[in-house]
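The data block below is coords-v2.csv; it holds CSV, C-alpha atoms.
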chain,number,residue,atom,x,y,z
I,1,MET,CA,53.3,97.2,121.6
I,2,PRO,CA,56.7,96.9,119.8
I,3,TYR,CA,56.7,95.8,116.2
I,4,ARG,CA,58.1,92.3,115.6
I,5,GLU,CA,59.1,91.1,112.1
I,6,THR,CA,57.3,88.1,110.9
I,7,SER,CA,59.3,85.2,109.4
I,8,GLN,CA,58.0,86.2,106.0
I,9,VAL,CA,59.4,89.7,106.4
I,10,ARG,CA,62.8,88.4,107.5
I,11,GLU,CA,62.9,85.9,104.6
I,12,ARG,CA,62.1,88.7,102.2
I,13,LYS,CA,64.8,90.9,103.6
I,14,THR,CA,67.3,88.1,103.5
I,15,ALA,CA,66.4,87.4,99.9
I,16,ARG,CA,66.8,91.0,98.9
I,17,ARG,CA,70.2,91.2,100.6
I,18,GLU,CA,71.3,88.1,98.7
I,19,ARG,CA,70.1,89.6,95.4
I,20,LEU,CA,72.2,92.8,96.1
I,21,LEU,CA,75.3,90.8,97.0
I,22,ARG,CA,75.0,88.6,94.0
I,23,ALA,CA,74.5,91.7,91.8
I,24,VAL,CA,77.6,93.3,93.0
I,25,TRP,CA,79.6,90.1,92.7
I,26,GLU,CA,78.5,89.8,89.0
I,27,LEU,CA,79.3,93.5,88.3
I,28,VAL,CA,82.7,93.4,90.0
I,29,GLY,CA,83.5,90.3,87.9
I,30,GLU,CA,82.7,92.3,84.8
I,31,ARG,CA,84.2,95.7,85.5
I,32,GLY,CA,85.9,95.9,88.9
I,33,PHE,CA,84.9,97.7,92.0
I,34,GLU,CA,85.6,101.3,90.8
I,35,GLN,CA,83.2,101.1,87.9
I,36,VAL,CA,80.2,99.8,90.0
I,37,ARG,CA,77.7,102.4,91.1
I,38,MET,CA,74.7,101.9,93.5
I,39,VAL,CA,72.3,102.6,90.6
I,40,ASP,CA,74.0,99.7,88.7
I,41,VAL,CA,73.6,97.4,91.6
I,42,ALA,CA,69.9,98.3,92.0
I,43,ALA,CA,69.3,97.7,88.3
I,44,ARG,CA,71.0,94.4,88.2
I,45,ALA,CA,69.2,93.3,91.4
I,46,GLY,CA,65.8,94.5,90.1
I,47,LEU,CA,65.3,96.8,93.0
I,48,ALA,CA,65.0,100.6,93.6
I,49,THR,CA,68.3,102.5,94.4
I,50,GLY,CA,66.8,103.6,97.7
I,51,THR,CA,66.4,99.9,98.6
I,52,VAL,CA,70.1,99.4,98.3
I,53,TYR,CA,70.8,102.0,100.9
I,54,ARG,CA,68.3,100.4,103.3
I,55,TYR,CA,70.5,97.3,103.4
I,56,PHE,CA,74.0,98.9,102.9
I,57,GLY,CA,74.7,102.5,104.0
I,58,SER,CA,77.5,103.1,101.5
I,59,ARG,CA,79.3,101.6,98.5
I,60,GLY,CA,82.2,100.8,100.9
I,61,GLU,CA,80.0,98.8,103.2
I,62,LEU,CA,78.5,96.9,100.3
I,63,PHE,CA,81.8,96.3,98.6
I,64,ALA,CA,83.3,95.0,101.9
I,65,ALA,CA,80.5,92.5,102.3
I,66,VAL,CA,81.0,91.2,98.8
I,67,PHE,CA,84.8,91.1,99.1
I,68,GLN,CA,84.5,89.1,102.3
I,69,ARG,CA,82.1,86.6,100.7
I,70,ALA,CA,84.1,86.2,97.5
I,71,THR,CA,87.5,85.9,99.2
I,72,ALA,CA,86.1,83.4,101.8
I,73,LEU,CA,85.2,81.2,98.8
I,74,GLU,CA,88.7,81.4,97.4
I,75,VAL,CA,90.3,80.7,100.8
I,76,GLU,CA,88.1,77.6,101.0
I,77,HIS,CA,89.3,76.3,97.6
I,78,VAL,CA,92.9,76.7,98.8
I,79,ARG,CA,92.1,74.9,102.0
I,80,GLN,CA,90.6,72.0,100.1
I,81,ALA,CA,93.6,71.8,97.8
I,82,LEU,CA,95.9,71.6,100.7
I,83,ALA,CA,93.7,68.9,102.5
I,84,ASP,CA,92.7,66.8,99.5
I,85,THR,CA,96.1,65.6,98.4
I,86,SER,CA,97.2,62.0,99.2
I,87,GLY,CA,100.8,62.9,98.8
I,88,THR,CA,103.3,64.9,100.8
I,89,ALA,CA,102.9,68.4,102.2
I,90,ALA,CA,104.9,69.7,99.3
I,91,ASP,CA,102.4,68.1,96.9
I,92,GLY,CA,99.6,69.8,98.8
I,93,VAL,CA,101.2,73.2,98.7
I,94,GLU,CA,101.9,72.9,95.0
I,95,ALA,CA,98.3,71.9,94.3
I,96,ALA,CA,97.0,74.9,96.4
I,97,LEU,CA,99.3,77.3,94.5
I,98,ARG,CA,98.1,76.0,91.2
I,99,THR,CA,94.4,76.1,92.3
I,100,PHE,CA,94.8,79.7,93.4
I,101,ALA,CA,96.5,80.7,90.1
I,102,ARG,CA,94.1,78.9,87.8
I,103,ARG,CA,91.0,80.2,89.5
I,104,ALA,CA,92.4,83.7,89.2
I,105,MET,CA,93.0,83.3,85.5
I,106,ARG,CA,89.5,82.0,84.9
I,107,ALA,CA,88.0,85.1,86.4
I,108,PRO,CA,90.6,87.8,85.8
I,109,VAL,CA,88.6,90.9,86.5
I,110,LEU,CA,87.3,89.6,89.8
I,111,ALA,CA,90.7,88.2,90.8
I,112,TRP,CA,92.4,91.5,90.1
I,113,SER,CA,89.7,93.4,92.0
I,114,LEU,CA,90.1,91.1,95.0
I,115,MET,CA,93.9,91.1,95.0
I,116,ALA,CA,95.0,94.5,93.9
I,117,GLU,CA,92.5,97.0,92.8
I,118,PRO,CA,92.7,100.3,94.8
I,119,VAL,CA,89.3,100.5,96.6
I,120,ASP,CA,87.5,101.6,99.7
I,121,PRO,CA,89.6,101.4,103.0
I,122,ARG,CA,87.2,98.8,104.4
I,123,VAL,CA,88.0,96.5,101.5
I,124,GLU,CA,91.7,97.2,102.0
I,125,GLN,CA,91.4,96.1,105.6
I,126,ALA,CA,89.5,93.0,104.7
I,127,ARG,CA,92.2,92.2,102.1
I,128,LEU,CA,94.8,92.2,104.8
I,129,VAL,CA,92.6,89.9,106.9
I,130,TYR,CA,92.3,87.4,104.1
I,131,ARG,CA,95.9,87.4,103.2
I,132,ARG,CA,96.5,86.3,106.8
I,133,SER,CA,94.0,83.6,106.3
I,134,TYR,CA,95.9,82.3,103.3
I,135,ALA,CA,99.2,82.6,105.2
I,136,ARG,CA,97.9,80.5,108.1
I,137,LEU,CA,96.8,77.7,105.8
I,138,PHE,CA,100.2,77.6,104.1
I,139,GLN,CA,102.0,77.9,107.4
I,140,THR,CA,100.3,74.7,108.6
I,141,ALA,CA,101.2,72.9,105.4
I,142,ILE,CA,104.8,74.1,105.7
I,143,GLU,CA,105.1,73.0,109.3
I,144,ARG,CA,103.8,69.6,108.2
I,145,GLY,CA,106.4,69.5,105.4
I,146,ILE,CA,109.2,70.3,107.8
I,147,GLY,CA,108.0,67.4,109.9
I,148,GLU,CA,108.0,65.2,106.8
I,149,SER,CA,111.5,66.5,105.8
I,150,VAL,CA,110.2,67.6,102.4
I,151,PHE,CA,110.9,71.2,103.4
I,152,PRO,CA,114.1,72.2,105.2
I,153,PRO,CA,113.8,73.8,108.7
I,154,GLN,CA,112.6,77.4,108.3
I,155,PRO,CA,110.4,79.9,110.0
I,156,ALA,CA,107.1,78.6,108.7
I,157,GLY,CA,105.1,81.7,109.3
I,158,LEU,CA,107.6,84.0,107.5
I,159,SER,CA,107.8,81.6,104.6
I,160,ALA,CA,104.0,81.4,104.3
I,161,ASN,CA,103.7,85.2,104.2
I,162,ALA,CA,106.4,85.3,101.5
I,163,VAL,CA,104.6,82.7,99.4
I,164,VAL,CA,101.3,84.5,99.6
I,165,GLY,CA,102.9,87.8,98.8
I,166,ALA,CA,104.8,86.4,95.9
I,167,LEU,CA,101.8,84.6,94.5
I,168,ALA,CA,99.6,87.7,94.7
I,169,GLU,CA,102.2,90.1,93.2
I,170,ALA,CA,103.1,87.7,90.4
I,171,LEU,CA,99.5,87.4,89.3
I,172,ALA,CA,98.5,91.0,89.8
I,173,GLY,CA,100.6,92.2,86.9
I,174,PRO,CA,99.2,89.9,84.2
I,175,LEU,CA,95.7,90.3,85.6
I,176,ALA,CA,95.7,94.1,85.7
I,177,PRO,CA,93.5,95.8,83.1
I,178,GLY,CA,95.3,96.3,79.7
I,179,ARG,CA,97.8,93.5,80.3
I,180,ASP,CA,97.9,89.9,79.2
I,181,VAL,CA,94.3,89.1,80.1
I,182,ASP,CA,91.3,90.0,78.0
I,183,HIS,CA,89.1,91.5,80.7
I,184,GLN,CA,86.1,92.0,78.4
I,185,ALA,CA,86.0,88.4,77.4
I,186,GLY,CA,86.5,87.4,81.0
I,187,ALA,CA,89.1,84.7,80.2
I,188,VAL,CA,92.8,84.6,79.8
I,189,GLN,CA,93.9,84.8,76.2
I,190,ALA,CA,97.7,84.4,76.7
I,191,ILE,CA,99.0,81.4,74.8
I,192,ALA,CA,101.5,80.6,77.5
I,193,LEU,CA,98.9,80.5,80.4
I,194,GLU,CA,100.1,77.2,81.8
I,195,SER,CA,103.7,78.2,81.4
I,196,MET,CA,103.0,81.4,83.4
I,197,ILE,CA,101.4,79.4,86.2
I,198,ASP,CA,104.2,76.9,86.2
I,199,THR,CA,106.7,79.7,86.5
I,200,VAL,CA,104.9,81.2,89.5
I,201,VAL,CA,104.5,77.8,91.2
I,202,ARG,CA,108.1,76.8,90.6
I,203,PHE,CA,109.4,80.0,92.1
I,204,CYS,CA,107.3,79.5,95.3
I,205,MET,CA,108.3,75.8,95.6
I,206,GLN,CA,112.0,76.5,95.1
I,207,GLY,CA,111.8,79.1,97.8
I,208,LEU,CA,110.3,76.6,100.2
I,209,THR,CA,112.5,73.7,99.3
I,210,GLY,CA,115.7,75.5,98.6
I,211,THR,CA,116.2,73.3,95.5
I,212,MET,CA,115.2,73.2,91.9
I,213,ARG,CA,111.8,71.4,91.6
I,214,THR,CA,110.0,70.1,88.5
I,215,VAL,CA,106.4,71.2,89.0
I,216,LYS,CA,103.6,68.8,88.1
For this file, produce the structure as structure tokens.
Amino acid sequence: MPYRETSQVRERKTARRERLLRAVWELVGERGFEQVRMVDVAARAGLATGTVYRYFGSRGELFAAVFQRATALEVEHVRQALADTSGTAADGVEAALRTFARRAMRAPVLAWSLMAEPVDPRVEQARLVYRRSYARLFQTAIERGIGESVFPPQPAGLSANAVVGALAEALAGPLAPGRDVDHQAGAVQAIALESMIDTVVRFCMQGLTGTMRTVK
């Protein structure tokens, strides 16, 4: 007679998997993907190292799962910023850009790891997928803005890709280890933080509108 898992066994497995994902998320936020080892994950989760491999066959598989979950959360925050505004599409895009930048600066190690850290090919592939997710959100907002005449006619998809690329590249430099962010403290120490964010947002908005724009 074939073995069938009980609901208790399934719940226990689900709970262990969640503990492992949470452990990796915390560790990556402290030190980046490269410095996380399976033995570290097991210790943080309070499980044996062998247990980790029963749920994830390799570091790459585990990292990809954590990357997908963490980035999905960030995409959702951008989506909400675009949707929650009561103003124009341009106001929504600006709010989304600022949301992305501020969240990155609040968790610099994690943000740099998600955006730019060289890592397993599976994570690199997932990174491309989520960049496209961001771009689709911005494309919809840009198309709305063109309809509202707050953005001039333009290829919305191309503009969206340009905005996402500019945002990621502009932030990756300051967030990189050893740059303007105190990674050990886990918080941005640069005095001109808001000025930095304003500059990035202004650059993106000027590219979309074709005019000088005072960011809010």
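For the point (102.3, 73.2, 95.0) in file coordinates, the residues within 10 Å, using all atoms listed in the file, are Ala81, Leu82, Ala89, Ala90, Asp91, Gly92, Val93, Glu94, Ala95, Ala96, Leu97, Arg98, Thr99, Asp198, Val201, Arg202, Cys204, Met205, Val215 and Lys216 of chain I.
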With C-alpha atoms retained, write the just-selected residues as a PDB file, keeping the file's coordinate frame.
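Final output, out-v4.pdb:
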ATOM      1  CA  ALA I  81      93.600  71.800  97.800  1.00  0.00           C
ATOM      2  CA  LEU I  82      95.900  71.600 100.700  1.00  0.00           C
ATOM      3  CA  ALA I  89     102.900  68.400 102.200  1.00  0.00           C
ATOM      4  CA  ALA I  90     104.900  69.700  99.300  1.00  0.00           C
ATOM      5  CA  ASP I  91     102.400  68.100  96.900  1.00  0.00           C
ATOM      6  CA  GLY I  92      99.600  69.800  98.800  1.00  0.00           C
ATOM      7  CA  VAL I  93     101.200  73.200  98.700  1.00  0.00           C
ATOM      8  CA  GLU I  94     101.900  72.900  95.000  1.00  0.00           C
ATOM      9  CA  ALA I  95      98.300  71.900  94.300  1.00  0.00           C
ATOM     10  CA  ALA I  96      97.000  74.900  96.400  1.00  0.00           C
ATOM     11  CA  LEU I  97      99.300  77.300  94.500  1.00  0.00           C
ATOM     12  CA  ARG I  98      98.100  76.000  91.200  1.00  0.00           C
ATOM     13  CA  THR I  99      94.400  76.100  92.300  1.00  0.00           C
ATOM     14  CA  ASP I 198     104.200  76.900  86.200  1.00  0.00           C
ATOM     15  CA  VAL I 201     104.500  77.800  91.200  1.00  0.00           C
ATOM     16  CA  ARG I 202     108.100  76.800  90.600  1.00  0.00           C
ATOM     17  CA  CYS I 204     107.300  79.500  95.300  1.00  0.00           C
ATOM     18  CA  MET I 205     108.300  75.800  95.600  1.00  0.00           C
ATOM     19  CA  VAL I 215     106.400  71.200  89.000  1.00  0.00           C
ATOM     20  CA  LYS I 216     103.600  68.800  88.100  1.00  0.00           C
TER      21      LYS I 216
END
Considering all atoms listed in the file, state which residue in the set I:Met115, I:Ser149, I:Leu171, I:Phe203 is at the smallest distance from I:Arg102.
-> I:Leu171
Could you build a table of the residues in stretch 93-157 of chain I lying no more than 12 Å from stretch 9-30 of chain I, giving for each the nearest pair of atoms and their separation in Å rounded to one decimal place, using all atoms listed in the file, ordered by chain and ascending residue number, as CSV?
residue,atom,partner,partner_atom,distance
I:Ala104,CA,I:Gly29,CA,11.2
I:Arg106,CA,I:Gly29,CA,10.7
I:Ala107,CA,I:Gly29,CA,7.0
I:Pro108,CA,I:Gly29,CA,7.8
I:Val109,CA,I:Gly29,CA,5.3
I:Leu110,CA,I:Gly29,CA,4.3
I:Ala111,CA,I:Gly29,CA,8.0
I:Trp112,CA,I:Gly29,CA,9.2
I:Ser113,CA,I:Val28,CA,7.3
I:Leu114,CA,I:Val28,CA,9.2
I:Glu117,CA,I:Val28,CA,10.8
I:Val119,CA,I:Val28,CA,11.7
Which is closer to I:Phe63 than all the others in I:Ile197, I:Ala126, I:Ala135, I:Leu208, using only C-alpha atoms?
-> I:Ala126
Which residues come within 9 Å of I:Tyr53, counting all atoms listed in the file, excluding same-chain residues fewer than 5 positions away, as a list in words?
-> Met38, Ser58 and Arg59 of chain I
Tell me which protein, DNA and RNA residues are within 9 Å of stretch 130-134 of chain I, counting only C-alpha atoms, leaving out same-chain ones fewer than 2 positions away, and put them as JSON, numbers by chain.
-> {"I": [68, 71, 72, 75, 78, 79, 125, 126, 127, 128, 136, 137, 138, 139, 160, 161, 164, 165]}
Which of these, I:Gly50, I:Gly57, I:Pro152, I:Gly145, has the shortest distance to I:Gly207 once you count only C-alpha atoms?
-> I:Pro152
